[in-house]
Amino acid sequence: LKLIKFNPMNRKEYLRIFSQSKAIVDVSNAKQTGMAMRVIDAIGSGKKVLTTNTWVRLQDDYNPHYMHVIDLRKIEIPNLFLENETIESSKDYSIDKWLKNLFIG
């Protein structure tokens, strides 16, 4: 519990910690549909993701080597996820790609 913060972080502190991290933990709202922005940021930045959001399994570039869905009642993280250090998404998560998809289709 010493590693978990429940207070909001300012953007500068968030970015500092984010850049130093190998993996990002995302505990999404149970009503979340689609991927959370934190998950998209992590994947686009080459970070691994541990999330409660089962929607990541539906993504066309879902890869259990760098995305893992956890159950908060029984957290289990496979060795394969922990051992593999490099990730590469086949999907473009850039803002440019998002805007093109939004306005051009």
# chains A, B, ... in the order shown; residues from 1 in each chain; ligands from 1
call {"tool": "closest_atom_pairs", "arguments": {"of": "range 52-84 of chain A", "to": "range 26-42 of chain A", "cutoff": "8 Å", "atoms": "only C-alpha atoms", "output": "JSON lines"}}
result
{"residue": "A:Thr52", "atom": "CA", "partner": "A:Val27", "partner_atom": "CA", "distance": 5.3}
{"residue": "A:Asn53", "atom": "CA", "partner": "A:Ser28", "partner_atom": "CA", "distance": 5.8}
{"residue": "A:Trp55", "atom": "CA", "partner": "A:Gly34", "partner_atom": "CA", "distance": 5.6}
{"residue": "A:Val56", "atom": "CA", "partner": "A:Met35", "partner_atom": "CA", "distance": 6.3}
call {"tool": "select_by_dssp", "arguments": {"residues": "range 9-58 of chain A", "states": "strand (DSSP E or B)", "output": "list of chain:residue names"}}
result
A:Ala23, A:Ile24, A:Val25, A:Asp26, A:Lys48, A:Val49, A:Leu50, A:Thr51
call {"tool": "write_last_selection", "arguments": {"atoms": "N, CA and C atoms", "output": "PDB file, in the first residue's frame"}}
result
ATOM      1  N   ALA A  23       5.920  -0.573 -16.670  1.00  0.00           N
ATOM      2  CA  ALA A  23       4.530  -1.005 -16.817  1.00  0.00           C
ATOM      3  C   ALA A  23       3.619  -0.009 -16.126  1.00  0.00           C
ATOM      4  N   ILE A  24       2.420   0.110 -16.652  1.00  0.00           N
ATOM      5  CA  ILE A  24       1.416   1.008 -16.094  1.00  0.00           C
ATOM      6  C   ILE A  24       0.262   0.152 -15.593  1.00  0.00           C
ATOM      7  N   VAL A  25      -0.208   0.449 -14.393  1.00  0.00           N
ATOM      8  CA  VAL A  25      -1.349  -0.260 -13.826  1.00  0.00           C
ATOM      9  C   VAL A  25      -2.578   0.624 -14.003  1.00  0.00           C
ATOM     10  N   ASP A  26      -3.615   0.036 -14.568  1.00  0.00           N
ATOM     11  CA  ASP A  26      -4.857   0.755 -14.821  1.00  0.00           C
ATOM     12  C   ASP A  26      -5.994   0.010 -14.145  1.00  0.00           C
ATOM     13  N   LYS A  48       4.276  -1.600 -20.820  1.00  0.00           N
ATOM     14  CA  LYS A  48       3.376  -2.716 -20.591  1.00  0.00           C
ATOM     15  C   LYS A  48       2.196  -2.222 -19.775  1.00  0.00           C
ATOM     16  N   VAL A  49       1.096  -2.969 -19.853  1.00  0.00           N
ATOM     17  CA  VAL A  49      -0.127  -2.550 -19.163  1.00  0.00           C
ATOM     18  C   VAL A  49      -0.710  -3.712 -18.362  1.00  0.00           C
ATOM     19  N   LEU A  50      -0.951  -3.447 -17.091  1.00  0.00           N
ATOM     20  CA  LEU A  50      -1.745  -4.335 -16.242  1.00  0.00           C
ATOM     21  C   LEU A  50      -3.046  -3.590 -16.012  1.00  0.00           C
ATOM     22  N   THR A  51      -4.166  -4.189 -16.364  1.00  0.00           N
ATOM     23  CA  THR A  51      -5.427  -3.474 -16.277  1.00  0.00           C
ATOM     24  C   THR A  51      -6.558  -4.385 -15.822  1.00  0.00           C
TER      25      THR A  51
END
call {"tool": "atom_distance", "arguments": {"atom1": "CA of Ser94 in chain A", "atom2": "CA of Gln20 in chain A"}}
result
20.3 Å
call {"tool": "atom_distance", "arguments": {"atom1": "CA of Met67 in chain A", "atom2": "CA of Phe81 in chain A"}}
result
7.9 Å
call {"tool": "closest_residue", "arguments": {"among": "A:Lys22, A:Leu80, A:Ile95, A:Ile75", "to": "Asn63 in chain A", "atoms": "only C-alpha atoms"}}
result
A:Leu80
call {"tool": "atom_distance", "arguments": {"atom1": "CA of Ser21 in chain A", "atom2": "CA of Tyr62 in chain A"}}
result
20.3 Å
call {"tool": "select_by_dssp", "arguments": {"residues": "chain A", "states": "alpha helix (DSSP H)", "output": "PyMOL selection string"}}
result
chain A and resi 11-20+37-44+79-83+95-103
call {"tool": "write_last_selection", "arguments": {"atoms": "N, CA, C and O atoms", "output": "compact mmCIF listing (two decimals), in the first residue's frame"}}
result
# COMPACT_ATOMS: atom_id res chain seq x y z
N ARG A 11 0.29 17.04 -13.34
CA ARG A 11 0.71 16.49 -14.64
C ARG A 11 2.22 16.26 -14.71
O ARG A 11 2.67 15.26 -15.25
N LYS A 12 3.00 17.16 -14.16
CA LYS A 12 4.46 17.04 -14.20
C LYS A 12 4.93 15.79 -13.44
O LYS A 12 5.76 15.04 -13.93
N GLU A 13 4.38 15.58 -12.26
CA GLU A 13 4.75 14.40 -11.47
C GLU A 13 4.30 13.12 -12.19
O GLU A 13 5.04 12.14 -12.26
N TYR A 14 3.09 13.14 -12.74
CA TYR A 14 2.58 11.98 -13.48
C TYR A 14 3.51 11.62 -14.64
O TYR A 14 3.88 10.46 -14.82
N LEU A 15 3.91 12.62 -15.42
CA LEU A 15 4.77 12.36 -16.58
C LEU A 15 6.16 11.87 -16.15
O LEU A 15 6.74 11.01 -16.82
N ARG A 16 6.67 12.38 -15.06
CA ARG A 16 7.98 11.93 -14.55
C ARG A 16 7.92 10.45 -14.17
O ARG A 16 8.74 9.64 -14.60
N ILE A 17 6.91 10.08 -13.40
CA ILE A 17 6.76 8.69 -12.97
C ILE A 17 6.45 7.79 -14.17
O ILE A 17 7.00 6.70 -14.30
N PHE A 18 5.59 8.25 -15.05
CA PHE A 18 5.23 7.50 -16.26
C PHE A 18 6.47 7.19 -17.09
O PHE A 18 6.67 6.05 -17.52
N SER A 19 7.33 8.17 -17.30
CA SER A 19 8.51 7.97 -18.15
C SER A 19 9.51 6.99 -17.53
O SER A 19 10.25 6.33 -18.24
N GLN A 20 9.52 6.86 -16.21
CA GLN A 20 10.44 5.96 -15.53
C GLN A 20 9.90 4.54 -15.39
O GLN A 20 10.62 3.64 -14.99
N MET A 37 -7.84 6.08 -21.59
CA MET A 37 -6.76 6.90 -22.15
C MET A 37 -5.40 6.51 -21.56
O MET A 37 -4.39 6.50 -22.25
N ARG A 38 -5.38 6.15 -20.29
CA ARG A 38 -4.13 5.73 -19.64
C ARG A 38 -3.54 4.51 -20.34
O ARG A 38 -2.34 4.40 -20.54
N VAL A 39 -4.41 3.58 -20.76
CA VAL A 39 -3.95 2.37 -21.47
C VAL A 39 -3.41 2.74 -22.85
O VAL A 39 -2.36 2.27 -23.26
N ILE A 40 -4.11 3.62 -23.55
CA ILE A 40 -3.65 4.06 -24.86
C ILE A 40 -2.32 4.79 -24.74
O ILE A 40 -1.40 4.55 -25.53
N ASP A 41 -2.18 5.66 -23.75
CA ASP A 41 -0.90 6.36 -23.51
C ASP A 41 0.22 5.36 -23.27
O ASP A 41 1.32 5.50 -23.80
N ALA A 42 -0.05 4.36 -22.44
CA ALA A 42 0.97 3.38 -22.09
C ALA A 42 1.42 2.59 -23.32
O ALA A 42 2.62 2.47 -23.58
N ILE A 43 0.47 2.07 -24.07
CA ILE A 43 0.82 1.27 -25.25
C ILE A 43 1.55 2.12 -26.28
O ILE A 43 2.55 1.70 -26.85
N GLY A 44 1.05 3.32 -26.50
CA GLY A 44 1.69 4.22 -27.46
C GLY A 44 3.10 4.62 -27.05
O GLY A 44 3.92 4.97 -27.89
N ASN A 79 4.64 -15.17 -15.68
CA ASN A 79 6.09 -14.94 -15.81
C ASN A 79 6.44 -14.36 -17.17
O ASN A 79 7.31 -13.50 -17.28
N LEU A 80 5.77 -14.82 -18.22
CA LEU A 80 6.04 -14.33 -19.57
C LEU A 80 5.86 -12.82 -19.64
O LEU A 80 6.66 -12.11 -20.25
N PHE A 81 4.83 -12.31 -18.99
CA PHE A 81 4.58 -10.87 -18.97
C PHE A 81 5.71 -10.15 -18.26
O PHE A 81 6.18 -9.11 -18.70
N LEU A 82 6.17 -10.71 -17.15
CA LEU A 82 7.22 -10.06 -16.36
C LEU A 82 8.59 -10.14 -17.03
O LEU A 82 9.38 -9.22 -16.92
N GLU A 83 8.86 -11.22 -17.73
CA GLU A 83 10.18 -11.43 -18.33
C GLU A 83 10.42 -10.62 -19.60
O GLU A 83 11.49 -10.09 -19.82
N ILE A 95 -1.80 10.82 -31.99
CA ILE A 95 -2.93 11.75 -32.08
C ILE A 95 -3.26 12.02 -33.55
O ILE A 95 -4.44 12.19 -33.89
N ASP A 96 -2.26 12.04 -34.41
CA ASP A 96 -2.50 12.25 -35.84
C ASP A 96 -3.40 11.15 -36.41
O ASP A 96 -4.33 11.43 -37.15
N LYS A 97 -3.09 9.91 -36.06
CA LYS A 97 -3.89 8.78 -36.54
C LYS A 97 -5.31 8.86 -35.98
O LYS A 97 -6.29 8.62 -36.71
N TRP A 98 -5.46 9.23 -34.72
CA TRP A 98 -6.76 9.35 -34.10
C TRP A 98 -7.60 10.42 -34.79
O TRP A 98 -8.76 10.21 -35.09
N LEU A 99 -6.98 11.57 -35.08
CA LEU A 99 -7.70 12.65 -35.76
C LEU A 99 -8.11 12.23 -37.17
O LEU A 99 -9.22 12.55 -37.62
N LYS A 100 -7.23 11.55 -37.89
CA LYS A 100 -7.57 11.07 -39.24
C LYS A 100 -8.76 10.12 -39.18
O LYS A 100 -9.67 10.20 -39.99
N ASN A 101 -8.74 9.20 -38.20
CA ASN A 101 -9.86 8.27 -38.05
C ASN A 101 -11.15 8.99 -37.70
O ASN A 101 -12.23 8.63 -38.17
N LEU A 102 -11.05 10.01 -36.89
CA LEU A 102 -12.22 10.76 -36.44
C LEU A 102 -12.84 11.59 -37.57
O LEU A 102 -14.05 11.56 -37.78
N PHE A 103 -12.00 12.28 -38.34
CA PHE A 103 -12.51 13.21 -39.33
C PHE A 103 -12.55 12.67 -40.76
O PHE A 103 -13.33 13.13 -41.58
